[in-house]
Amino acid sequence: MEDNSKKLYTLLVYSENIAGILNQITAVFTRRQVNIESLNVSASSIENIHKYTITAWSDENQIKKITKAIEKKIDVVKAEYYLDDQIFFYEVALFKISTEVLLKYPEVSRAIRRHDASMMEVNPTYATVLLAGLSNDITDLFKQLDSYNCILQFTRSGRIAVTRSFEEPITDFLDEQERIENNSDD
């Protein structure tokens with residue numbers, strides 16, 4: 001029997017860099033009433049191909065339907081979904097904190113060091129802290145800093161991820177397409 005409980009899935013979507021494709025991809029989630037937790041878009045390691053890293057809480061049946069619907073979009077080359085143990089992933093967070101509180105409470109700087117975060121700038125008014133890590137690490141540091149009421153500003157990136165495979169998941173697909181194209185030219 002299939003487990004229908006919701007899990008956090010990461011979708012990796014590869015497309016040509018065409019205006020409007022992001023809207024088409026997010027519309028698939030909207031139609032199925034699935035909220036996107038994070039979204040990151042960047043160039044991939046393959047020329048002219050962009051990579052969308054999308055996280056969403058869903059059950060496997062629904063995420064399969066979403067992935068298939070996205071892959072049907074004309075400018076999408078490939079879409080696949082993964083659970084956390086199938087990929088390497090990271091996030092980045094920036095914290096702007098009160099310098100006054102930082103200097104007053106040594107526990108604040110200890111928390112920053114314990115999380116291997118970096119002090120990017122310190123001036124008389126504020127300090128900027130950078131943390132690259134897992135979602136739980138970022139949430140934990142946020143809670144610790146927030147308990148001292150020192151956070152002036154906070155932001156975090158969406159998840160970035162690579163698969164555990166040797167190459168981009170679309171490499172074999174693109175190689176096969178090129179082989180088919182070359183054979184049809186003969």
# chains A, B, ... in the order shown; residues from 1 in each chain; ligands from 1
>>> residues_around(residues="stretch 14-16 of chain A", least_positions_apart="4", cutoff="7 Å", atoms="only C-alpha atoms", output="list in words")
Asn48, Ile49, His50, Lys51, Tyr52, Asp75, Val76, Val77, Lys78 and Ala79 of chain A
>>> write_last_selection(atoms="all heavy atoms", output="mmCIF file, in the first residue's frame")
data_model
loop_
_atom_site.group_PDB
_atom_site.id
_atom_site.type_symbol
_atom_site.label_atom_id
_atom_site.label_comp_id
_atom_site.auth_asym_id
_atom_site.auth_seq_id
_atom_site.Cartn_x
_atom_site.Cartn_y
_atom_site.Cartn_z
ATOM 1 N N ASN A 48 22.947 27.079 -22.287
ATOM 2 C CA ASN A 48 21.583 27.448 -22.699
ATOM 3 C C ASN A 48 20.472 26.697 -21.969
ATOM 4 O O ASN A 48 19.328 26.715 -22.403
ATOM 5 C CB ASN A 48 21.406 27.285 -24.214
ATOM 6 C CG ASN A 48 22.339 28.187 -24.990
ATOM 7 O OD1 ASN A 48 22.563 29.340 -24.608
ATOM 8 N ND2 ASN A 48 22.921 27.656 -26.052
ATOM 9 N N ILE A 49 20.807 25.993 -20.900
ATOM 10 C CA ILE A 49 19.805 25.279 -20.107
ATOM 11 C C ILE A 49 19.770 25.882 -18.705
ATOM 12 O O ILE A 49 20.809 26.045 -18.077
ATOM 13 C CB ILE A 49 20.112 23.765 -20.018
ATOM 14 C CG1 ILE A 49 20.136 23.118 -21.406
ATOM 15 C CG2 ILE A 49 19.128 23.059 -19.096
ATOM 16 C CD1 ILE A 49 18.778 23.050 -22.094
ATOM 17 N N HIS A 50 18.584 26.224 -18.248
ATOM 18 C CA HIS A 50 18.410 26.743 -16.895
ATOM 19 C C HIS A 50 17.858 25.656 -15.982
ATOM 20 O O HIS A 50 17.152 24.754 -16.433
ATOM 21 C CB HIS A 50 17.481 27.961 -16.908
ATOM 22 C CG HIS A 50 18.233 29.235 -17.117
ATOM 23 N ND1 HIS A 50 19.004 29.481 -18.221
ATOM 24 C CD2 HIS A 50 18.352 30.324 -16.326
ATOM 25 C CE1 HIS A 50 19.548 30.670 -18.116
ATOM 26 N NE2 HIS A 50 19.173 31.211 -16.976
ATOM 27 N N LYS A 51 18.188 25.787 -14.704
ATOM 28 C CA LYS A 51 17.790 24.789 -13.713
ATOM 29 C C LYS A 51 16.917 25.463 -12.656
ATOM 30 O O LYS A 51 17.283 26.486 -12.088
ATOM 31 C CB LYS A 51 19.051 24.212 -13.057
ATOM 32 C CG LYS A 51 18.802 23.136 -12.029
ATOM 33 C CD LYS A 51 20.155 22.641 -11.521
ATOM 34 C CE LYS A 51 20.051 21.480 -10.599
ATOM 35 N NZ LYS A 51 21.378 20.996 -10.206
ATOM 36 N N TYR A 52 15.764 24.870 -12.417
ATOM 37 C CA TYR A 52 14.827 25.333 -11.404
ATOM 38 C C TYR A 52 14.856 24.312 -10.270
ATOM 39 O O TYR A 52 14.644 23.128 -10.507
ATOM 40 C CB TYR A 52 13.404 25.398 -11.958
ATOM 41 C CG TYR A 52 13.256 26.318 -13.145
ATOM 42 C CD1 TYR A 52 13.738 25.961 -14.398
ATOM 43 C CD2 TYR A 52 12.630 27.545 -13.005
ATOM 44 C CE1 TYR A 52 13.604 26.805 -15.486
ATOM 45 C CE2 TYR A 52 12.482 28.396 -14.089
ATOM 46 C CZ TYR A 52 12.977 28.026 -15.326
ATOM 47 O OH TYR A 52 12.851 28.867 -16.399
ATOM 48 N N ASP A 75 8.861 24.091 -23.505
ATOM 49 C CA ASP A 75 10.242 24.532 -23.331
ATOM 50 C C ASP A 75 10.970 23.811 -22.199
ATOM 51 O O ASP A 75 12.142 24.070 -21.957
ATOM 52 C CB ASP A 75 10.280 26.042 -23.085
ATOM 53 C CG ASP A 75 9.739 26.810 -24.282
ATOM 54 O OD1 ASP A 75 10.135 26.479 -25.415
ATOM 55 O OD2 ASP A 75 8.917 27.720 -24.096
ATOM 56 N N VAL A 76 10.280 22.907 -21.513
ATOM 57 C CA VAL A 76 10.916 22.130 -20.447
ATOM 58 C C VAL A 76 11.588 20.916 -21.074
ATOM 59 O O VAL A 76 10.983 20.174 -21.834
ATOM 60 C CB VAL A 76 9.896 21.701 -19.365
ATOM 61 C CG1 VAL A 76 10.506 20.694 -18.396
ATOM 62 C CG2 VAL A 76 9.386 22.918 -18.614
ATOM 63 N N VAL A 77 12.847 20.725 -20.748
ATOM 64 C CA VAL A 77 13.613 19.606 -21.289
ATOM 65 C C VAL A 77 13.417 18.366 -20.426
ATOM 66 O O VAL A 77 13.189 17.274 -20.928
ATOM 67 C CB VAL A 77 15.113 19.973 -21.381
ATOM 68 C CG1 VAL A 77 15.929 18.803 -21.899
ATOM 69 C CG2 VAL A 77 15.310 21.205 -22.248
ATOM 70 N N LYS A 78 13.481 18.552 -19.088
ATOM 71 C CA LYS A 78 13.394 17.414 -18.173
ATOM 72 C C LYS A 78 12.948 17.911 -16.809
ATOM 73 O O LYS A 78 13.282 19.014 -16.404
ATOM 74 C CB LYS A 78 14.780 16.754 -18.061
ATOM 75 C CG LYS A 78 14.828 15.488 -17.268
ATOM 76 C CD LYS A 78 14.734 14.283 -18.180
ATOM 77 C CE LYS A 78 14.912 13.009 -17.418
ATOM 78 N NZ LYS A 78 13.754 12.156 -17.463
ATOM 79 N N ALA A 79 12.190 17.074 -16.106
ATOM 80 C CA ALA A 79 11.789 17.365 -14.727
ATOM 81 C C ALA A 79 11.825 16.064 -13.939
ATOM 82 O O ALA A 79 11.355 15.032 -14.422
ATOM 83 C CB ALA A 79 10.393 17.968 -14.693
#
>>> residues_around(residues="A:Thr99", least_positions_apart="4", cutoff="7 Å", atoms="only C-alpha atoms", output="number ranges by chain")
A: 103, 124-127
>>> write_last_selection(atoms="all heavy atoms", output="tab-separated table (two decimals), in the first residue's frame")
chain	number	residue	atom	x	y	z
A	103	LEU	N	27.42	42.80	21.34
A	103	LEU	CA	28.48	43.11	22.31
A	103	LEU	C	28.04	42.87	23.75
A	103	LEU	O	28.85	42.52	24.60
A	103	LEU	CB	28.93	44.56	22.13
A	103	LEU	CG	29.61	44.87	20.79
A	103	LEU	CD1	29.89	46.37	20.67
A	103	LEU	CD2	30.87	44.06	20.59
A	124	PRO	N	29.18	50.08	14.05
A	124	PRO	CA	28.61	50.48	15.34
A	124	PRO	C	27.10	50.20	15.48
A	124	PRO	O	26.59	50.08	16.59
A	124	PRO	CB	28.89	51.99	15.42
A	124	PRO	CG	30.07	52.19	14.53
A	124	PRO	CD	29.93	51.19	13.43
A	125	THR	N	26.39	50.07	14.37
A	125	THR	CA	24.95	49.89	14.40
A	125	THR	C	24.52	48.44	14.26
A	125	THR	O	23.64	47.96	14.98
A	125	THR	CB	24.28	50.72	13.28
A	125	THR	OG1	24.78	52.04	13.33
A	125	THR	CG2	22.77	50.71	13.41
A	126	TYR	N	25.11	47.74	13.31
A	126	TYR	CA	24.69	46.37	13.03
A	126	TYR	C	25.85	45.50	12.60
A	126	TYR	O	26.91	45.98	12.22
A	126	TYR	CB	23.59	46.35	11.96
A	126	TYR	CG	24.05	46.85	10.61
A	126	TYR	CD1	24.70	46.00	9.71
A	126	TYR	CD2	23.84	48.16	10.22
A	126	TYR	CE1	25.13	46.45	8.48
A	126	TYR	CE2	24.27	48.63	9.00
A	126	TYR	CZ	24.91	47.77	8.13
A	126	TYR	OH	25.35	48.21	6.91
A	127	ALA	N	25.61	44.20	12.66
A	127	ALA	CA	26.54	43.20	12.16
A	127	ALA	C	25.78	42.32	11.17
A	127	ALA	O	24.60	42.02	11.39
A	127	ALA	CB	27.09	42.36	13.30
>>> residues_around(residues="A:Arg32", least_positions_apart="5", cutoff="10 Å", atoms="only C-alpha atoms", output="PDB file with C-alpha atoms, in the first residue's frame")
ATOM      1  CA  ALA A  27       0.934  27.489 -12.575  1.00  0.00           C
ATOM      2  CA  GLN A  62       0.551  14.275  -6.424  1.00  0.00           C
ATOM      3  CA  ILE A  63       4.245  15.084  -6.980  1.00  0.00           C
ATOM      4  CA  LYS A  65       1.432  14.287 -11.508  1.00  0.00           C
ATOM      5  CA  ILE A  66       3.039  17.696 -11.018  1.00  0.00           C
TER       6      ILE A  66
END
>>> residues_around(residues="stretch 144-148 of chain A", least_positions_apart="2", cutoff="8 Å", atoms="only C-alpha atoms", output="list in words")
Val101, Val108, Ala111, Asp140, Leu141, Phe142, Cys150 and Ile151 of chain A
>>> closest_residue(among="A:Thr55, A:Asn61, A:Thr26, A:Asn136", to="A:Leu83", atoms="only C-alpha atoms")
A:Thr55
>>> select_by_dssp(residues="stretch 50-177 of chain A", states="helix (DSSP H, G or I)", output="PDB file with N, CA and C atoms, in the first residue's frame")
ATOM      1  N   GLU A  60       3.484  11.414  -2.763  1.00  0.00           N
ATOM      2  CA  GLU A  60       4.180  10.955  -3.969  1.00  0.00           C
ATOM      3  C   GLU A  60       3.275  10.947  -5.199  1.00  0.00           C
ATOM      4  N   ASN A  61       2.026  10.553  -5.049  1.00  0.00           N
ATOM      5  CA  ASN A  61       1.111  10.515  -6.178  1.00  0.00           C
ATOM      6  C   ASN A  61       0.948  11.914  -6.791  1.00  0.00           C
ATOM      7  N   GLN A  62       0.741  12.900  -5.944  1.00  0.00           N
ATOM      8  CA  GLN A  62       0.551  14.275  -6.424  1.00  0.00           C
ATOM      9  C   GLN A  62       1.835  14.824  -7.051  1.00  0.00           C
ATOM     10  N   ILE A  63       2.989  14.542  -6.450  1.00  0.00           N
ATOM     11  CA  ILE A  63       4.245  15.084  -6.980  1.00  0.00           C
ATOM     12  C   ILE A  63       4.579  14.441  -8.333  1.00  0.00           C
ATOM     13  N   LYS A  64       4.199  13.175  -8.516  1.00  0.00           N
ATOM     14  CA  LYS A  64       4.379  12.527  -9.828  1.00  0.00           C
ATOM     15  C   LYS A  64       3.550  13.249 -10.891  1.00  0.00           C
ATOM     16  N   LYS A  65       2.309  13.571 -10.565  1.00  0.00           N
ATOM     17  CA  LYS A  65       1.432  14.287 -11.508  1.00  0.00           C
ATOM     18  C   LYS A  65       1.977  15.671 -11.838  1.00  0.00           C
ATOM     19  N   ILE A  66       2.461  16.363 -10.807  1.00  0.00           N
ATOM     20  CA  ILE A  66       3.039  17.696 -11.018  1.00  0.00           C
ATOM     21  C   ILE A  66       4.257  17.604 -11.928  1.00  0.00           C
ATOM     22  N   THR A  67       5.126  16.647 -11.663  1.00  0.00           N
ATOM     23  CA  THR A  67       6.352  16.479 -12.460  1.00  0.00           C
ATOM     24  C   THR A  67       6.009  16.175 -13.913  1.00  0.00           C
ATOM     25  N   LYS A  68       5.056  15.281 -14.141  1.00  0.00           N
ATOM     26  CA  LYS A  68       4.650  14.948 -15.517  1.00  0.00           C
ATOM     27  C   LYS A  68       4.049  16.156 -16.222  1.00  0.00           C
ATOM     28  N   ALA A  69       3.222  16.930 -15.513  1.00  0.00           N
ATOM     29  CA  ALA A  69       2.601  18.113 -16.111  1.00  0.00           C
ATOM     30  C   ALA A  69       3.648  19.160 -16.480  1.00  0.00           C
ATOM     31  N   ILE A  70       4.654  19.335 -15.621  1.00  0.00           N
ATOM     32  CA  ILE A  70       5.726  20.288 -15.907  1.00  0.00           C
ATOM     33  C   ILE A  70       6.525  19.819 -17.115  1.00  0.00           C
ATOM     34  N   GLU A  71       6.821  18.532 -17.170  1.00  0.00           N
ATOM     35  CA  GLU A  71       7.633  17.996 -18.263  1.00  0.00           C
ATOM     36  C   GLU A  71       6.922  18.113 -19.616  1.00  0.00           C
ATOM     37  N   ASP A  84      15.049  14.072   0.175  1.00  0.00           N
ATOM     38  CA  ASP A  84      16.297  14.637   0.683  1.00  0.00           C
ATOM     39  C   ASP A  84      17.488  13.679   0.623  1.00  0.00           C
ATOM     40  N   ASP A  85      17.259  12.386   0.834  1.00  0.00           N
ATOM     41  CA  ASP A  85      18.387  11.447   0.839  1.00  0.00           C
ATOM     42  C   ASP A  85      18.913  11.134  -0.564  1.00  0.00           C
ATOM     43  N   GLN A  86      18.272  11.660  -1.600  1.00  0.00           N
ATOM     44  CA  GLN A  86      18.687  11.395  -2.973  1.00  0.00           C
ATOM     45  C   GLN A  86      19.497  12.544  -3.583  1.00  0.00           C
ATOM     46  N   THR A  99      24.436  45.413  16.730  1.00  0.00           N
ATOM     47  CA  THR A  99      25.790  45.353  17.287  1.00  0.00           C
ATOM     48  C   THR A  99      25.744  45.523  18.805  1.00  0.00           C
ATOM     49  N   GLU A 100      24.860  46.364  19.265  1.00  0.00           N
ATOM     50  CA  GLU A 100      24.733  46.591  20.711  1.00  0.00           C
ATOM     51  C   GLU A 100      24.427  45.278  21.431  1.00  0.00           C
ATOM     52  N   VAL A 101      23.483  44.502  20.919  1.00  0.00           N
ATOM     53  CA  VAL A 101      23.126  43.222  21.538  1.00  0.00           C
ATOM     54  C   VAL A 101      24.266  42.218  21.382  1.00  0.00           C
ATOM     55  N   LEU A 102      24.900  42.219  20.231  1.00  0.00           N
ATOM     56  CA  LEU A 102      26.036  41.328  19.992  1.00  0.00           C
ATOM     57  C   LEU A 102      27.137  41.542  21.037  1.00  0.00           C
ATOM     58  N   LEU A 103      27.422  42.795  21.338  1.00  0.00           N
ATOM     59  CA  LEU A 103      28.477  43.113  22.306  1.00  0.00           C
ATOM     60  C   LEU A 103      28.037  42.874  23.748  1.00  0.00           C
ATOM     61  N   LYS A 104      26.747  43.036  24.003  1.00  0.00           N
ATOM     62  CA  LYS A 104      26.228  42.899  25.369  1.00  0.00           C
ATOM     63  C   LYS A 104      26.118  41.444  25.814  1.00  0.00           C
ATOM     64  N   PRO A 106      27.543  37.712  25.159  1.00  0.00           N
ATOM     65  CA  PRO A 106      28.520  36.823  24.506  1.00  0.00           C
ATOM     66  C   PRO A 106      27.875  35.563  23.918  1.00  0.00           C
ATOM     67  N   GLU A 107      26.706  35.172  24.421  1.00  0.00           N
ATOM     68  CA  GLU A 107      26.009  33.987  23.902  1.00  0.00           C
ATOM     69  C   GLU A 107      25.629  34.161  22.431  1.00  0.00           C
ATOM     70  N   VAL A 108      25.402  35.404  22.013  1.00  0.00           N
ATOM     71  CA  VAL A 108      25.050  35.664  20.611  1.00  0.00           C
ATOM     72  C   VAL A 108      26.226  35.287  19.707  1.00  0.00           C
ATOM     73  N   SER A 109      27.423  35.766  20.034  1.00  0.00           N
ATOM     74  CA  SER A 109      28.588  35.425  19.194  1.00  0.00           C
ATOM     75  C   SER A 109      28.934  33.946  19.305  1.00  0.00           C
ATOM     76  N   ARG A 110      28.688  33.343  20.456  1.00  0.00           N
ATOM     77  CA  ARG A 110      28.925  31.887  20.592  1.00  0.00           C
ATOM     78  C   ARG A 110      27.977  31.097  19.681  1.00  0.00           C
ATOM     79  N   ALA A 111      26.723  31.516  19.629  1.00  0.00           N
ATOM     80  CA  ALA A 111      25.751  30.839  18.757  1.00  0.00           C
ATOM     81  C   ALA A 111      26.181  30.954  17.294  1.00  0.00           C
ATOM     82  N   ILE A 112      26.664  32.106  16.915  1.00  0.00           N
ATOM     83  CA  ILE A 112      27.122  32.313  15.536  1.00  0.00           C
ATOM     84  C   ILE A 112      28.306  31.395  15.234  1.00  0.00           C
ATOM     85  N   ARG A 113      29.272  31.330  16.151  1.00  0.00           N
ATOM     86  CA  ARG A 113      30.445  30.452  15.955  1.00  0.00           C
ATOM     87  C   ARG A 113      30.045  28.980  15.948  1.00  0.00           C
ATOM     88  N   ARG A 114      29.138  28.580  16.840  1.00  0.00           N
ATOM     89  CA  ARG A 114      28.697  27.175  16.905  1.00  0.00           C
ATOM     90  C   ARG A 114      28.071  26.718  15.591  1.00  0.00           C
ATOM     91  N   SER A 135      18.502  23.609   6.156  1.00  0.00           N
ATOM     92  CA  SER A 135      17.352  24.381   6.636  1.00  0.00           C
ATOM     93  C   SER A 135      17.268  24.383   8.156  1.00  0.00           C
ATOM     94  N   ASN A 136      17.488  23.226   8.772  1.00  0.00           N
ATOM     95  CA  ASN A 136      17.403  23.126  10.232  1.00  0.00           C
ATOM     96  C   ASN A 136      18.451  23.990  10.925  1.00  0.00           C
ATOM     97  N   ASP A 137      19.656  24.047  10.366  1.00  0.00           N
ATOM     98  CA  ASP A 137      20.715  24.876  10.936  1.00  0.00           C
ATOM     99  C   ASP A 137      20.324  26.350  10.905  1.00  0.00           C
ATOM    100  N   ILE A 138      19.776  26.778   9.782  1.00  0.00           N
ATOM    101  CA  ILE A 138      19.372  28.174   9.626  1.00  0.00           C
ATOM    102  C   ILE A 138      18.233  28.505  10.586  1.00  0.00           C
ATOM    103  N   THR A 139      17.251  27.615  10.665  1.00  0.00           N
ATOM    104  CA  THR A 139      16.121  27.821  11.579  1.00  0.00           C
ATOM    105  C   THR A 139      16.600  27.863  13.028  1.00  0.00           C
ATOM    106  N   ASP A 140      17.529  26.994  13.367  1.00  0.00           N
ATOM    107  CA  ASP A 140      18.046  26.956  14.730  1.00  0.00           C
ATOM    108  C   ASP A 140      18.772  28.258  15.089  1.00  0.00           C
ATOM    109  N   LEU A 141      19.641  28.739  14.192  1.00  0.00           N
ATOM    110  CA  LEU A 141      20.338  29.991  14.471  1.00  0.00           C
ATOM    111  C   LEU A 141      19.345  31.147  14.550  1.00  0.00           C
ATOM    112  N   PHE A 142      18.358  31.151  13.671  1.00  0.00           N
ATOM    113  CA  PHE A 142      17.338  32.208  13.718  1.00  0.00           C
ATOM    114  C   PHE A 142      16.659  32.235  15.090  1.00  0.00           C
ATOM    115  N   LYS A 143      16.261  31.076  15.578  1.00  0.00           N
ATOM    116  CA  LYS A 143      15.581  31.012  16.880  1.00  0.00           C
ATOM    117  C   LYS A 143      16.484  31.505  18.005  1.00  0.00           C
ATOM    118  N   GLN A 144      17.751  31.114  17.966  1.00  0.00           N
ATOM    119  CA  GLN A 144      18.679  31.547  19.011  1.00  0.00           C
ATOM    120  C   GLN A 144      18.886  33.061  18.982  1.00  0.00           C
ATOM    121  N   LEU A 145      19.088  33.619  17.794  1.00  0.00           N
ATOM    122  CA  LEU A 145      19.278  35.063  17.690  1.00  0.00           C
ATOM    123  C   LEU A 145      17.996  35.814  18.034  1.00  0.00           C
ATOM    124  N   ASP A 146      16.882  35.263  17.596  1.00  0.00           N
ATOM    125  CA  ASP A 146      15.592  35.901  17.876  1.00  0.00           C
ATOM    126  C   ASP A 146      15.297  35.939  19.376  1.00  0.00           C
ATOM    127  N   THR A 171      21.765  15.067 -18.936  1.00  0.00           N
ATOM    128  CA  THR A 171      22.876  14.810 -19.858  1.00  0.00           C
ATOM    129  C   THR A 171      22.583  13.620 -20.760  1.00  0.00           C
ATOM    130  N   ASP A 172      22.165  12.490 -20.178  1.00  0.00           N
ATOM    131  CA  ASP A 172      21.836  11.309 -20.987  1.00  0.00           C
ATOM    132  C   ASP A 172      20.694  11.609 -21.954  1.00  0.00           C
ATOM    133  N   PHE A 173      19.690  12.333 -21.487  1.00  0.00           N
ATOM    134  CA  PHE A 173      18.548  12.696 -22.328  1.00  0.00           C
ATOM    135  C   PHE A 173      19.005  13.533 -23.521  1.00  0.00           C
ATOM    136  N   LEU A 174      19.833  14.547 -23.279  1.00  0.00           N
ATOM    137  CA  LEU A 174      20.314  15.401 -24.362  1.00  0.00           C
ATOM    138  C   LEU A 174      21.221  14.638 -25.320  1.00  0.00           C
ATOM    139  N   ASP A 175      22.057  13.739 -24.794  1.00  0.00           N
ATOM    140  CA  ASP A 175      22.907  12.904 -25.653  1.00  0.00           C
ATOM    141  C   ASP A 175      22.059  12.023 -26.567  1.00  0.00           C
ATOM    142  N   GLU A 176      20.999  11.456 -26.005  1.00  0.00           N
ATOM    143  CA  GLU A 176      20.097  10.605 -26.795  1.00  0.00           C
ATOM    144  C   GLU A 176      19.391  11.422 -27.879  1.00  0.00           C
ATOM    145  N   GLN A 177      18.951  12.632 -27.529  1.00  0.00           N
ATOM    146  CA  GLN A 177      18.290  13.499 -28.513  1.00  0.00           C
ATOM    147  C   GLN A 177      19.243  13.838 -29.653  1.00  0.00           C
TER     148      GLN A 177
END
>>> closest_residue(among="A:Ile74, A:Leu11, A:Ala56, A:Leu94", to="A:Gln33", atoms="only C-alpha atoms")
A:Ala56
>>> residues_around(residues="A:Thr128", least_positions_apart="3", cutoff="7 Å", atoms="only C-alpha atoms", output="number ranges by chain")
A: 94-97, 119-122
>>> select_by_dssp(residues="chain A", states="strand (DSSP E)", output="PyMOL selection string")
chain A and resi 7-16+36-43+49-58+76-82+87-98+118-122+126-133+151-156+160-163
>>> closest_residue(among="A:Ser157, A:Thr30, A:Asn35, A:Thr53", to="A:Thr10", atoms="only C-alpha atoms")
A:Thr53
>>> closest_residue(among="A:Val34, A:Ala161, A:Ile46, A:Leu130", to="A:Asn17", atoms="only C-alpha atoms")
A:Ile46
